[in-house]
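S.K.: Got upload30.cif for you, mmCIF, C-alpha atoms:
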```
data_run
loop_
_atom_site.group_PDB
_atom_site.id
_atom_site.type_symbol
_atom_site.label_atom_id
_atom_site.label_comp_id
_atom_site.auth_asym_id
_atom_site.auth_seq_id
_atom_site.Cartn_x
_atom_site.Cartn_y
_atom_site.Cartn_z
ATOM 1 C CA MET A 274 72.952 -69.316 -38.738
ATOM 2 C CA ALA A 275 73.053 -65.602 -38.199
ATOM 3 C CA PHE A 276 71.849 -63.293 -40.902
ATOM 4 C CA GLY A 277 74.461 -62.372 -43.417
ATOM 5 C CA VAL A 278 75.241 -61.278 -46.918
ATOM 6 C CA ALA A 279 75.568 -64.236 -49.245
ATOM 7 C CA THR A 280 74.665 -65.526 -52.674
ATOM 8 C CA LYS A 281 74.276 -69.203 -53.415
ATOM 9 C CA LEU A 282 73.541 -71.536 -56.258
ATOM 10 C CA THR A 283 71.013 -73.779 -54.525
ATOM 11 C CA ASN A 284 70.913 -77.571 -54.550
ATOM 12 C CA LYS A 285 67.949 -77.296 -56.864
ATOM 13 C CA GLY A 286 69.984 -74.921 -59.011
ATOM 14 C CA VAL A 287 72.669 -77.551 -59.469
ATOM 15 C CA ALA A 288 70.002 -80.032 -60.560
ATOM 16 C CA ILE A 289 68.571 -77.457 -62.961
ATOM 17 C CA PHE A 290 71.995 -76.918 -64.498
ATOM 18 C CA ALA A 291 72.509 -80.647 -65.010
ATOM 19 C CA ASP A 292 69.046 -81.358 -66.366
ATOM 20 C CA ARG A 293 68.981 -78.469 -68.774
ATOM 21 C CA VAL A 294 72.219 -79.550 -70.440
ATOM 22 C CA ARG A 295 70.305 -82.536 -71.811
ATOM 23 C CA THR A 296 68.897 -82.451 -75.341
ATOM 24 C CA THR A 297 65.459 -82.425 -73.803
ATOM 25 C CA PRO A 298 65.344 -81.526 -70.109
ATOM 26 C CA ALA A 299 63.327 -84.097 -68.231
ATOM 27 C CA THR A 300 62.332 -82.144 -65.147
ATOM 28 C CA TYR A 301 63.229 -78.488 -65.394
ATOM 29 C CA THR A 302 61.643 -77.444 -68.646
ATOM 30 C CA THR A 303 61.526 -73.707 -67.941
ATOM 31 C CA SER A 304 64.627 -71.583 -67.545
ATOM 32 C CA PRO A 305 65.306 -70.001 -64.162
ATOM 33 C CA LYS A 306 64.906 -66.443 -65.419
ATOM 34 C CA PHE A 307 62.264 -65.121 -63.000
ATOM 35 C CA ILE A 308 63.561 -62.640 -60.427
ATOM 36 C CA GLY A 309 61.862 -62.484 -57.048
ATOM 37 C CA ILE A 310 62.520 -60.194 -54.092
ATOM 38 C CA GLY A 311 61.585 -60.393 -50.429
ATOM 39 C CA THR A 312 61.681 -58.625 -47.099
ATOM 40 C CA GLY A 313 61.916 -61.452 -44.579
ATOM 41 C CA ALA A 314 65.540 -62.561 -44.361
ATOM 42 C CA THR A 315 66.533 -60.187 -41.579
ATOM 43 C CA GLY A 316 63.496 -61.047 -39.446
ATOM 44 C CA ALA A 317 64.067 -64.740 -40.009
ATOM 45 C CA ALA A 318 67.811 -64.366 -39.337
ATOM 46 C CA ARG A 319 68.337 -66.252 -42.574
ATOM 47 C CA THR A 320 71.515 -66.247 -44.604
ATOM 48 C CA ALA A 321 71.305 -67.573 -48.148
ATOM 49 C CA ALA A 322 72.184 -71.261 -48.204
ATOM 50 C CA VAL A 323 72.353 -74.045 -50.769
ATOM 51 C CA GLY A 324 69.301 -75.693 -49.230
ATOM 52 C CA ASP A 325 67.051 -72.670 -49.820
ATOM 53 C CA THR A 326 63.844 -73.372 -51.711
ATOM 54 C CA ALA A 327 61.983 -70.081 -51.235
ATOM 55 C CA LEU A 328 62.352 -66.534 -49.988
ATOM 56 C CA SER A 329 61.357 -65.863 -46.368
ATOM 57 C CA THR A 330 58.765 -63.222 -47.246
ATOM 58 C CA GLU A 331 58.373 -62.691 -50.946
ATOM 59 C CA VAL A 332 56.867 -59.392 -52.094
ATOM 60 C CA GLU A 333 55.917 -57.852 -55.440
ATOM 61 C CA THR A 334 55.508 -59.579 -58.789
ATOM 62 C CA ARG A 335 58.501 -61.460 -60.099
ATOM 63 C CA ALA A 336 60.235 -59.979 -63.102
ATOM 64 C CA SER A 337 60.654 -62.174 -66.134
ATOM 65 C CA GLY A 338 64.318 -61.535 -66.737
ATOM 66 C CA THR A 339 66.075 -61.022 -70.030
ATOM 67 C CA GLU A 340 68.486 -63.905 -70.410
ATOM 68 C CA SER A 341 71.910 -63.972 -71.964
ATOM 69 C CA THR A 342 75.311 -65.516 -71.648
ATOM 70 C CA VAL A 343 78.054 -63.072 -70.872
ATOM 71 C CA THR A 344 81.776 -63.351 -70.362
ATOM 72 C CA THR A 345 83.332 -63.138 -66.916
ATOM 73 C CA THR A 346 86.561 -65.070 -67.433
ATOM 74 C CA VAL A 347 86.167 -67.430 -70.368
ATOM 75 C CA THR A 348 83.998 -66.470 -73.341
ATOM 76 C CA GLY A 349 80.334 -67.135 -72.564
ATOM 77 C CA ASP A 350 80.961 -68.687 -69.156
ATOM 78 C CA THR A 351 78.206 -66.840 -67.301
ATOM 79 C CA TYR A 352 74.431 -67.178 -67.349
ATOM 80 C CA GLN A 353 72.730 -63.819 -66.786
ATOM 81 C CA SER A 354 69.145 -62.851 -66.067
ATOM 82 C CA GLN A 355 68.306 -59.174 -65.768
ATOM 83 C CA GLY A 356 64.896 -57.789 -64.908
ATOM 84 C CA THR A 357 63.085 -54.971 -63.173
ATOM 85 C CA VAL A 358 60.736 -55.366 -60.229
ATOM 86 C CA SER A 359 58.184 -52.604 -59.713
ATOM 87 C CA ILE A 360 57.784 -51.526 -56.100
ATOM 88 C CA THR A 361 54.189 -50.944 -54.974
ATOM 89 C CA GLY A 362 54.652 -50.154 -51.274
ATOM 90 C CA THR A 363 57.193 -49.373 -48.589
ATOM 91 C CA ARG A 364 59.658 -52.254 -48.774
ATOM 92 C CA ALA A 365 62.782 -53.153 -46.829
ATOM 93 C CA VAL A 366 64.205 -55.515 -49.408
ATOM 94 C CA ASP A 367 66.806 -57.943 -48.061
ATOM 95 C CA GLU A 368 66.542 -61.096 -50.166
ATOM 96 C CA SER A 369 66.258 -62.175 -53.774
ATOM 97 C CA GLY A 370 66.182 -65.311 -55.813
ATOM 98 C CA LEU A 371 65.987 -66.674 -59.336
ATOM 99 C CA PHE A 372 63.127 -69.078 -60.040
ATOM 100 C CA ASP A 373 61.929 -71.151 -62.966
ATOM 101 C CA ALA A 374 58.350 -69.874 -62.768
ATOM 102 C CA SER A 375 56.556 -66.557 -62.356
ATOM 103 C CA THR A 376 55.050 -67.847 -59.104
ATOM 104 C CA SER A 377 56.213 -70.669 -56.853
ATOM 105 C CA GLY A 378 58.532 -72.910 -58.937
ATOM 106 C CA ASN A 379 62.075 -74.023 -58.168
ATOM 107 C CA MET A 380 64.659 -71.711 -56.632
ATOM 108 C CA PHE A 381 67.848 -71.576 -58.716
ATOM 109 C CA THR A 382 69.865 -68.995 -56.790
ATOM 110 C CA SER A 383 69.385 -67.352 -53.413
ATOM 111 C CA ALA A 384 70.749 -64.114 -51.981
ATOM 112 C CA THR A 385 70.459 -62.281 -48.679
ATOM 113 C CA PHE A 386 71.859 -58.792 -48.239
ATOM 114 C CA ASN A 387 71.713 -55.601 -46.213
ATOM 115 C CA VAL A 388 68.336 -53.897 -46.323
ATOM 116 C CA ILE A 389 67.531 -51.615 -49.244
ATOM 117 C CA ASN A 390 64.640 -49.364 -48.299
ATOM 118 C CA LEU A 391 62.352 -48.630 -51.231
ATOM 119 C CA LEU A 392 59.075 -46.782 -51.671
ATOM 120 C CA SER A 393 56.082 -47.138 -53.933
ATOM 121 C CA GLY A 394 56.900 -45.990 -57.447
ATOM 122 C CA ASP A 395 60.519 -47.125 -57.320
ATOM 123 C CA SER A 396 61.868 -49.743 -59.712
ATOM 124 C CA LEU A 397 64.552 -52.199 -58.746
ATOM 125 C CA GLN A 398 66.565 -53.600 -61.623
ATOM 126 C CA LEU A 399 68.489 -56.694 -60.613
ATOM 127 C CA THR A 400 71.141 -58.543 -62.554
ATOM 128 C CA TRP A 401 71.871 -62.120 -61.550
ATOM 129 C CA LYS A 402 74.996 -63.821 -62.843
ATOM 130 C CA ALA A 403 75.924 -67.475 -62.449
ATOM 131 C CA GLN A 404 79.395 -68.292 -63.672
ATOM 132 C CA ILE A 405 80.778 -71.762 -64.233
ATOM 133 C CA THR A 406 84.522 -71.909 -63.758
ATOM 134 C CA THR A 407 87.029 -74.469 -64.901
ATOM 135 C CA SER A 408 89.501 -74.039 -62.070
ATOM 136 C CA MET B 158 101.384 -90.250 -66.034
ATOM 137 C CA SER B 159 100.783 -88.655 -62.645
ATOM 138 C CA LYS B 160 97.744 -89.388 -60.539
ATOM 139 C CA PRO B 161 95.008 -86.766 -60.656
ATOM 140 C CA ASN B 162 94.793 -84.729 -57.498
ATOM 141 C CA ILE B 163 91.254 -85.622 -56.430
ATOM 142 C CA GLU B 164 91.435 -83.664 -53.210
ATOM 143 C CA GLN B 165 92.369 -80.512 -55.049
ATOM 144 C CA ALA B 166 89.586 -80.984 -57.584
ATOM 145 C CA VAL B 167 86.960 -81.418 -54.890
ATOM 146 C CA ALA B 168 88.121 -78.333 -53.055
ATOM 147 C CA THR B 169 87.815 -76.119 -56.127
ATOM 148 C CA PRO B 170 84.515 -74.243 -56.370
ATOM 149 C CA PHE B 171 83.016 -74.440 -59.809
ATOM 150 C CA GLU B 172 80.607 -71.613 -59.705
ATOM 151 C CA SER B 173 80.464 -67.981 -58.771
ATOM 152 C CA ILE B 174 77.173 -66.240 -58.179
ATOM 153 C CA GLU B 175 76.761 -62.472 -58.319
ATOM 154 C CA LEU B 176 73.859 -60.104 -57.842
ATOM 155 C CA SER B 177 73.909 -56.399 -58.627
ATOM 156 C CA GLY B 178 71.237 -53.744 -58.755
ATOM 157 C CA VAL B 179 70.092 -50.325 -59.855
ATOM 158 C CA VAL B 180 67.179 -48.379 -58.391
ATOM 159 C CA THR B 181 65.107 -45.978 -60.454
ATOM 160 C CA VAL B 182 63.394 -43.689 -57.999
ATOM 161 C CA GLY B 183 59.738 -42.737 -58.057
ATOM 162 C CA GLU B 184 58.197 -39.506 -56.793
ATOM 163 C CA GLU B 185 58.229 -40.433 -53.090
ATOM 164 C CA SER B 186 61.862 -41.539 -53.065
ATOM 165 C CA ALA B 187 62.891 -38.577 -55.196
ATOM 166 C CA LYS B 188 61.386 -36.219 -52.622
ATOM 167 C CA LEU B 189 63.111 -37.969 -49.717
ATOM 168 C CA LEU B 190 66.433 -38.180 -51.498
ATOM 169 C CA SER B 191 66.286 -34.504 -52.405
ATOM 170 C CA GLU B 192 66.168 -33.702 -48.688
ATOM 171 C CA LYS B 193 68.890 -36.204 -47.818
ATOM 172 C CA LEU B 194 71.297 -35.322 -50.584
ATOM 173 C CA GLY B 195 70.689 -31.578 -50.549
ATOM 174 C CA ARG B 196 70.026 -31.402 -54.276
ATOM 175 C CA LYS B 197 67.024 -31.820 -56.531
ATOM 176 C CA VAL B 198 66.467 -35.491 -57.344
ATOM 177 C CA GLU B 199 64.034 -36.056 -60.193
ATOM 178 C CA PRO B 200 61.771 -39.100 -60.458
ATOM 179 C CA GLY B 201 63.344 -41.459 -62.948
ATOM 180 C CA GLU B 202 66.864 -40.817 -61.710
ATOM 181 C CA THR B 203 68.862 -44.001 -61.184
ATOM 182 C CA PHE B 204 71.121 -45.005 -58.320
ATOM 183 C CA ASP B 205 73.587 -47.815 -58.662
ATOM 184 C CA LEU B 206 73.505 -50.179 -55.707
ATOM 185 C CA GLY B 207 76.695 -51.820 -56.848
ATOM 186 C CA THR B 208 77.208 -55.472 -56.183
ATOM 187 C CA LEU B 209 74.735 -56.513 -53.527
ATOM 188 C CA ALA B 210 76.308 -59.791 -52.694
ATOM 189 C CA TYR B 211 79.127 -61.762 -54.151
ATOM 190 C CA PHE B 212 80.149 -65.213 -53.102
ATOM 191 C CA HIS B 213 83.577 -66.247 -54.200
ATOM 192 C CA ARG B 214 86.540 -68.025 -52.779
ATOM 193 C CA ASP B 215 88.301 -64.656 -52.808
ATOM 194 C CA ARG B 216 87.185 -63.294 -49.446
ATOM 195 C CA LYS B 217 88.821 -59.957 -50.013
ATOM 196 C CA LYS B 218 86.648 -59.420 -53.049
ATOM 197 C CA ARG B 219 83.544 -60.318 -51.056
ATOM 198 C CA PHE B 220 84.551 -57.926 -48.278
ATOM 199 C CA LEU B 221 85.006 -55.122 -50.762
ATOM 200 C CA ALA B 222 81.620 -55.889 -52.297
ATOM 201 C CA ASN B 223 79.960 -55.663 -48.906
ATOM 202 C CA LEU B 224 81.797 -52.475 -48.109
ATOM 203 C CA LYS B 225 80.569 -50.969 -51.355
ATOM 204 C CA LEU B 226 77.006 -51.857 -50.421
ATOM 205 C CA SER B 227 77.286 -50.344 -46.977
ATOM 206 C CA ARG B 228 78.429 -47.080 -48.489
ATOM 207 C CA LYS B 229 75.572 -47.009 -50.957
ATOM 208 C CA LYS B 230 73.095 -48.137 -48.342
ATOM 209 C CA THR B 231 73.080 -44.762 -46.629
ATOM 210 C CA ILE B 232 71.163 -43.345 -49.554
ATOM 211 C CA PHE B 233 68.246 -45.702 -49.145
ATOM 212 C CA SER B 234 68.156 -46.224 -45.386
#
```
For this file, produce the structure as structure tokens.
M.R.:
Amino acid sequence: MAFGVATKLTNKGVAIFADRVRTTPATYTTSPKFIGIGTGATGAARTAAVGDTALSTEVETRASGTESTVTTTVTGDTYQSQGTVSITGTRAVDESGLFDASTSGNMFTSATFNVINLLSGDSLQLTWKAQITTS
Amino acid sequence: MSKPNIEQAVATPFESIELSGVVTVGEESAKLLSEKLGRKVEPGETFDLGTLAYFHRDRKKRFLANLKLSRKKTIFS
């Protein structure tokens, strides 16, 4: 598939949602609050897809996002993780994801987008929102 | 009692995923942006990237989101 702008809840993300509704999650015991960024989607001609499990070329240290539920349509219908990634070099950022660990882990959401060129010293604050709808 | 419309239920997406961003510029970017924008940009100044990507059944909304990004993109490209 050609490169494109997209955001997806991954297959693993669906499983995380289901498991974490349980009184005691059996598999996914950490919330998917960690925000990663990467620079490899354009080169890999990758568009975010539900089968994604990792970024093409992850860079920088993941941010441990601040979690909340916010309202998009119905009160409290949206999971949100917001965090800031510090940029330590020249980066053409074109992909991001939410994970359930500070390194490796399971990919909850995946996004590919047009390149954002950043330089050392910049900070990129990202806000991920996953809304569940009833219709 | 009418039959539930299974086909309709299956076709309805149940989630919407959105990503948005803000960049706080450091010294290097501030210097470059000062030249590009023709005004003094101080380190620590923030630039809203808008909605980076937005997947929804409403394609018009997605198009507008992408358009917004392409406009903002000129600042950082």
S.K.: What separation in Å, quoted to one decimal, exists between CA of Ser341 in chain A and CA of Leu176 in chain B?
M.R.: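 That distance, rounded to one decimal, is 14.8 Å.
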S.K.: So how far away is CA of Ala187 in chain B from CA of Val366 in chain A, in Å?
M.R.: 17.9 Å
S.K.: Could you tell me how far CA of Phe386 in chain A lies from CA of Gly349 in chain A, in Å and to one decimal?
M.R.: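 Atom-to-atom, CA of Phe386 in chain A to CA of Gly349 in chain A, that is 27.1 Å.
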S.K.: Would you kindly identify which residues have an atom no farther than 10 Å from (67.3, -81.2, -55.1), using all atoms listed in the file and the file's own coordinates, and write them out as a ChimeraX atom specification?
M.R.: /A:283-289,323-324,326,379-380
S.K.: Name the residues that the PyMOL selection byres ((chain A and resi 346) around 10) pulls out of this structure, and write them as a list in words.
M.R.: Val343, Thr344, Thr345, Val347, Thr348, Gly349, Asp350, Thr351, Gln404, Ile405, Thr406 and Thr407 of chain A
S.K.: Restricting the output to C-alpha atoms, write the selected residues as a JSON list (two decimals), in the frame of the given file.
M.R.:
```json
[["chain", "number", "residue", "atom", "x", "y", "z"],
["A", 343, "VAL", "CA", 78.05, -63.07, -70.87],
["A", 344, "THR", "CA", 81.78, -63.35, -70.36],
["A", 345, "THR", "CA", 83.33, -63.14, -66.92],
["A", 347, "VAL", "CA", 86.17, -67.43, -70.37],
["A", 348, "THR", "CA", 84.00, -66.47, -73.34],
["A", 349, "GLY", "CA", 80.33, -67.14, -72.56],
["A", 350, "ASP", "CA", 80.96, -68.69, -69.16],
["A", 351, "THR", "CA", 78.21, -66.84, -67.30],
["A", 404, "GLN", "CA", 79.40, -68.29, -63.67],
["A", 405, "ILE", "CA", 80.78, -71.76, -64.23],
["A", 406, "THR", "CA", 84.52, -71.91, -63.76],
["A", 407, "THR", "CA", 87.03, -74.47, -64.90]]
```
S.K.: Would you kindly return, as a ChimeraX atom specification, each protein, DNA or RNA residue with an atom no farther than 10 Å from any atom of range 313-318 of chain A, considering only C-alpha atoms and excluding same-chain residues fewer than 3 positions away?
M.R.: /A:274-277,310,321,328-332,365-369,384-388
S.K.: I need the chain A residues near chain B as a PyMOL selection string; criterion: at most 8 Å, counting only C-alpha atoms.
M.R.: chain A and resi 278-282+382+384-408
S.K.: Limited to C-alpha atoms, could you put the picked residues into a file as a PDB file, in the frame of the given file?
M.R.:
```pdb
ATOM      1  CA  VAL A 278      75.241 -61.278 -46.918  1.00  0.00           C
ATOM      2  CA  ALA A 279      75.568 -64.236 -49.245  1.00  0.00           C
ATOM      3  CA  THR A 280      74.665 -65.526 -52.674  1.00  0.00           C
ATOM      4  CA  LYS A 281      74.276 -69.203 -53.415  1.00  0.00           C
ATOM      5  CA  LEU A 282      73.541 -71.536 -56.258  1.00  0.00           C
ATOM      6  CA  THR A 382      69.865 -68.995 -56.790  1.00  0.00           C
ATOM      7  CA  ALA A 384      70.749 -64.114 -51.981  1.00  0.00           C
ATOM      8  CA  THR A 385      70.459 -62.281 -48.679  1.00  0.00           C
ATOM      9  CA  PHE A 386      71.859 -58.792 -48.239  1.00  0.00           C
ATOM     10  CA  ASN A 387      71.713 -55.601 -46.213  1.00  0.00           C
ATOM     11  CA  VAL A 388      68.336 -53.897 -46.323  1.00  0.00           C
ATOM     12  CA  ILE A 389      67.531 -51.615 -49.244  1.00  0.00           C
ATOM     13  CA  ASN A 390      64.640 -49.364 -48.299  1.00  0.00           C
ATOM     14  CA  LEU A 391      62.352 -48.630 -51.231  1.00  0.00           C
ATOM     15  CA  LEU A 392      59.075 -46.782 -51.671  1.00  0.00           C
ATOM     16  CA  SER A 393      56.082 -47.138 -53.933  1.00  0.00           C
ATOM     17  CA  GLY A 394      56.900 -45.990 -57.447  1.00  0.00           C
ATOM     18  CA  ASP A 395      60.519 -47.125 -57.320  1.00  0.00           C
ATOM     19  CA  SER A 396      61.868 -49.743 -59.712  1.00  0.00           C
ATOM     20  CA  LEU A 397      64.552 -52.199 -58.746  1.00  0.00           C
ATOM     21  CA  GLN A 398      66.565 -53.600 -61.623  1.00  0.00           C
ATOM     22  CA  LEU A 399      68.489 -56.694 -60.613  1.00  0.00           C
ATOM     23  CA  THR A 400      71.141 -58.543 -62.554  1.00  0.00           C
ATOM     24  CA  TRP A 401      71.871 -62.120 -61.550  1.00  0.00           C
ATOM     25  CA  LYS A 402      74.996 -63.821 -62.843  1.00  0.00           C
ATOM     26  CA  ALA A 403      75.924 -67.475 -62.449  1.00  0.00           C
ATOM     27  CA  GLN A 404      79.395 -68.292 -63.672  1.00  0.00           C
ATOM     28  CA  ILE A 405      80.778 -71.762 -64.233  1.00  0.00           C
ATOM     29  CA  THR A 406      84.522 -71.909 -63.758  1.00  0.00           C
ATOM     30  CA  THR A 407      87.029 -74.469 -64.901  1.00  0.00           C
ATOM     31  CA  SER A 408      89.501 -74.039 -62.070  1.00  0.00           C
TER      32      SER A 408
END
```
S.K.: I need the output of the PyMOL selection byres ((chain A and resi 373) around 7) for this file as a VMD selection string; which residues are they?
M.R.: chain A and resid 303 to 307 372 374 378 to 380
S.K.: Give me, as a PyMOL selection string, all polymer residues having an atom no more than 7 Å from Ala336 in chain A, counting only C-alpha atoms and skipping those fewer than 2 positions away in the same chain.
M.R.: chain A and resi 307-309+334+338+356-358
S.K.: Calculated over only C-alpha atoms, which of the candidates A:Tyr352, A:Ser383, A:Tyr301, A:Asp292 has the smallest distance to Ala327 in chain A?
M.R.: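 Residue with the minimum atom-to-atom distance to Ala327 in chain A: A:Ser383.
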